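Engineer: Mind looking over this structure? Questions follow.
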Amino acid sequence: MSTKTFIAVNEYLQTSFEGPDRDYLDGEVVERNMGELPHSLVQTELIYFFRQIATQLKLQIRAEIRIQISPTRYRVADIAVWRSGKIGKQVPTVPPLLIVEVLSPEDRLIRVQPKVQEYLSIGVQRVWLVDPDKKQATEYSQNYPDGMRVSSLRTEEPAMEIRLEAVWRTLDESAA
């Protein structure tokens with residue numbers, strides 16, 4: 001049984017952790033699963049796509065960034081996308097337009113679902129949950145808070161689309 005680590009929010013915000021960053025939930029520092037090769041490949045492919053369109057669509061793309069849910073809750077997003085403009089200083093104070101979470105093999109939907117709902121509760125328009133092992137994605141939004149399975153990741157404003165078959169092809173090529 002693992003021991004829980006509790007610290008003050010100011011200490012959390014000033015701490016760099018060994019390995020992946022950690023979520024902060026009401027005083028408790030919560031470890032996140034370390035991404036493996038498929039996680040990293042999918043995250044890299046998605047960031048590459050976003051970087052290609054960021055200037056044209058006036059987007060800001062950030063990886064592995066802390067998102068404030070409330071004064072005592074912070075989540076670390078795999079990828080967060082904002083429209084251009086000021087989003088905060090050290091930690092964003094403006095909710096992202098979009099968050100992408102890439103599942104690791106150890107991630108379970110029951111543990112990820114509260115994180116998705118917290119993102120929606122602060123005004124994130126869309127959350128994409130991408131599963132490299134199952135080669136599937138689920139989109140969550142205000143209209144679909146329980147999620148819906150999708151074959152491509154898209155938004156209307158700004159208009160963008162990522163065809164997942166290209167992402168899965170990259171995974172297959174790397175495994176060959």
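Letters A, B, ... mark the chains of the structure tokens in the order given; residue numbers begin at 1 per chain; ligand numbers begin at 1, in order shown.
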Give the strand (DSSP E or B) residues of region 22-171 of chain A, as assigned by DSSP on the backbone, as a PyMOL selection string.
Structural biologist: chain A and resi 23-25+28-30+59-70+73-83+88+92+98-102+126-131+136-141+148-150+152-155+160-163
Engineer: Any chance you could export the current selection's C-alpha atoms as a compact mmCIF listing (two decimals), in the first residue's frame?
Structural biologist:
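In the end it all went to out_17.txt:
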```txt
# COMPACT_ATOMS: atom_id res chain seq x y z
CA ASP A 23 -1.58 16.12 -9.89
CA TYR A 24 -2.47 18.01 -6.71
CA LEU A 25 -5.85 17.10 -5.21
CA GLU A 28 -2.50 15.31 -1.76
CA VAL A 29 0.23 14.88 -4.35
CA VAL A 30 -0.97 12.16 -6.74
CA LEU A 59 -3.38 28.58 -31.09
CA GLN A 60 -1.08 28.02 -28.13
CA ILE A 61 -0.03 24.42 -27.55
CA ARG A 62 1.43 23.21 -24.24
CA ALA A 63 2.47 19.71 -23.21
CA GLU A 64 2.54 18.33 -19.67
CA ILE A 65 1.12 21.50 -18.13
CA ARG A 66 -0.58 22.07 -14.81
CA ILE A 67 -4.19 23.20 -15.07
CA GLN A 68 -5.87 24.80 -12.06
CA ILE A 69 -9.26 23.23 -11.40
CA SER A 70 -9.84 25.08 -8.11
CA ARG A 73 -6.87 21.13 -7.21
CA TYR A 74 -4.41 21.01 -10.10
CA ARG A 75 -4.32 18.46 -12.90
CA VAL A 76 -1.50 17.89 -15.36
CA ALA A 77 -2.71 17.65 -18.96
CA ASP A 78 -0.79 15.67 -21.59
CA ILE A 79 -1.62 18.36 -24.17
CA ALA A 80 -3.58 21.59 -23.73
CA VAL A 81 -4.62 23.98 -26.49
CA TRP A 82 -5.62 27.62 -26.03
CA ARG A 83 -6.59 30.36 -28.42
CA GLY A 88 -1.69 33.22 -17.11
CA PRO A 92 -2.76 29.08 -16.69
CA LEU A 98 -9.09 21.63 -25.73
CA ILE A 99 -7.27 19.03 -23.63
CA VAL A 100 -5.87 15.76 -24.91
CA GLU A 101 -5.17 12.92 -22.51
CA VAL A 102 -3.25 9.94 -23.88
CA ARG A 126 -13.50 19.46 -25.50
CA VAL A 127 -11.47 16.68 -23.93
CA TRP A 128 -10.06 14.00 -26.18
CA LEU A 129 -9.12 10.73 -24.51
CA VAL A 130 -6.83 8.75 -26.82
CA ASP A 131 -6.03 5.09 -26.17
CA GLN A 136 -9.52 4.39 -30.25
CA ALA A 137 -10.50 7.82 -29.01
CA THR A 138 -13.38 9.28 -27.05
CA GLU A 139 -14.47 12.89 -27.16
CA TYR A 140 -16.04 14.59 -24.16
CA SER A 141 -17.78 17.97 -24.29
CA MET A 148 -18.66 9.44 -27.54
CA ARG A 149 -16.30 7.25 -29.53
CA VAL A 150 -14.80 9.07 -32.54
CA SER A 152 -11.21 11.54 -36.01
CA LEU A 153 -10.53 14.37 -33.61
CA ARG A 154 -12.17 17.60 -34.73
CA THR A 155 -13.36 20.99 -33.60
CA MET A 160 -9.39 21.42 -37.32
CA GLU A 161 -9.37 17.67 -37.79
CA ILE A 162 -6.90 14.93 -36.96
CA ARG A 163 -7.56 11.66 -38.72
```
Engineer: Pick out the residues sitting within 12 Å of Lys58 (chain A), and hand them over as a PyMOL selection string; count only C-alpha atoms, and ignore anything fewer than 3 positions along from it in its own chain.
Structural biologist: chain A and resi 50-55+61+81-85+97+157-159
Engineer: Generate a file of the selected residues that holds N, CA and C atoms, formatted as a CSV table (one decimal), in the first residue's frame.
Structural biologist:
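And here's result-v8.csv as it stands now:
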```csv
chain,number,residue,atom,x,y,z
A,50,PHE,N,-0.7,19.8,-34.1
A,50,PHE,CA,-1.1,21.2,-33.6
A,50,PHE,C,0.0,22.2,-33.9
A,51,ARG,N,1.2,21.9,-33.8
A,51,ARG,CA,2.3,22.9,-34.1
A,51,ARG,C,2.2,23.4,-35.6
A,52,GLN,N,1.8,22.5,-36.5
A,52,GLN,CA,1.7,22.8,-37.9
A,52,GLN,C,0.6,23.8,-38.2
A,53,ILE,N,-0.5,23.8,-37.4
A,53,ILE,CA,-1.6,24.7,-37.6
A,53,ILE,C,-1.7,25.8,-36.6
A,54,ALA,N,-0.8,25.8,-35.6
A,54,ALA,CA,-0.9,26.8,-34.5
A,54,ALA,C,-0.9,28.3,-34.9
A,55,THR,N,0.0,28.6,-35.8
A,55,THR,CA,0.2,30.0,-36.2
A,55,THR,C,-1.1,30.4,-37.0
A,61,ILE,N,-0.1,25.8,-27.9
A,61,ILE,CA,0.0,24.4,-27.6
A,61,ILE,C,1.0,24.2,-26.4
A,81,VAL,N,-4.6,23.1,-25.4
A,81,VAL,CA,-4.6,24.0,-26.5
A,81,VAL,C,-5.5,25.2,-26.1
A,82,TRP,N,-4.9,26.4,-26.3
A,82,TRP,CA,-5.6,27.6,-26.0
A,82,TRP,C,-5.7,28.4,-27.3
A,83,ARG,N,-6.6,29.3,-27.4
A,83,ARG,CA,-6.6,30.4,-28.4
A,83,ARG,C,-5.5,31.3,-28.0
A,84,SER,N,-5.0,32.1,-29.0
A,84,SER,CA,-4.0,33.1,-28.6
A,84,SER,C,-4.5,34.1,-27.6
A,85,GLY,N,-3.5,34.7,-26.9
A,85,GLY,CA,-3.9,35.6,-25.9
A,85,GLY,C,-3.2,35.2,-24.6
A,97,LEU,N,-9.1,25.6,-24.6
A,97,LEU,CA,-10.1,25.3,-25.5
A,97,LEU,C,-10.3,23.8,-25.6
A,157,GLU,N,-14.7,25.5,-34.1
A,157,GLU,CA,-14.1,26.9,-33.9
A,157,GLU,C,-13.0,26.9,-33.0
A,158,PRO,N,-11.8,26.8,-33.5
A,158,PRO,CA,-11.4,26.9,-34.9
A,158,PRO,C,-11.6,25.5,-35.6
A,159,ALA,N,-11.8,25.5,-36.9
A,159,ALA,CA,-11.9,24.2,-37.6
A,159,ALA,C,-10.6,23.5,-37.7
```
Engineer: To test your reading of the structure, identify every residue in region 49-125 of chain A that backbone DSSP assigns to helix (DSSP H, G or I), and report it as a ChimeraX atom specification.
Structural biologist: /A:49-57,109-121
Engineer: Would you pick out the contacts of Pro38 (chain A) at 7 Å or less, using only C-alpha atoms, so that residues sharing its chain but fewer than 3 positions from it are not included, and give the list as a PyMOL selection string?
Structural biologist: chain A and resi 41-42+132+171
Engineer: Restricted to N, CA and C atoms, what would the selected residues look like written as a short mmCIF file (atom, residue, chain, number, x, y, z; two decimals), in the first residue's frame?
Structural biologist:
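Ended up saving to out_12.cif:
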```cif
data_model
loop_
_atom_site.label_atom_id
_atom_site.label_comp_id
_atom_site.auth_asym_id
_atom_site.auth_seq_id
_atom_site.Cartn_x
_atom_site.Cartn_y
_atom_site.Cartn_z
N LEU A 41 4.70 8.30 -28.58
CA LEU A 41 4.52 8.46 -30.03
C LEU A 41 3.22 9.18 -30.37
N VAL A 42 2.13 8.80 -29.71
CA VAL A 42 0.84 9.45 -29.97
C VAL A 42 0.90 10.91 -29.54
N PRO A 132 -3.83 4.51 -27.12
CA PRO A 132 -2.95 3.89 -28.13
C PRO A 132 -3.07 2.37 -28.19
N LEU A 171 2.01 4.44 -35.15
CA LEU A 171 2.22 3.44 -34.10
C LEU A 171 2.61 2.10 -34.70
#
```
Engineer: What separation in Å, quoted to one decimal, exists between CA of Glu36 (chain A) and CA of Lys134 (chain A)?
Structural biologist: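 The value is 14.5 Å.
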Engineer: Rank A:Gly123, A:Leu103, A:Gln14, A:Tyr144 by their smallest atom-to-atom distance to Ser40 (chain A), using only C-alpha atoms, and report the top residue only.
Structural biologist: A:Leu103
Engineer: Residues near Gly27 (chain A), anyone? I mean within 9 Å using only C-alpha atoms, not counting same-chain ones fewer than 3 positions away, as a PyMOL selection string.
Structural biologist: chain A and resi 5-9+12+24+72-73
Engineer: What gap, in Å, lies between CA of Leu13 (chain A) and CA of Val94 (chain A)?
Structural biologist: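 So the two atoms, CA of Leu13 (chain A) and CA of Val94 (chain A), lie 16.9 Å apart.
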Engineer: Distance CA of Pro71 (chain A)-CA of Leu109 (chain A), one decimal place?
Structural biologist: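 Computed distance, CA of Pro71 (chain A) to CA of Leu109 (chain A), equals 25.1 Å.
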Engineer: Ranking A:Pro145, A:Thr44, A:Glu156, A:Ala175 by minimum distance to Pro114 (chain A) and counting only C-alpha atoms, which one comes first?
Structural biologist: A:Pro145
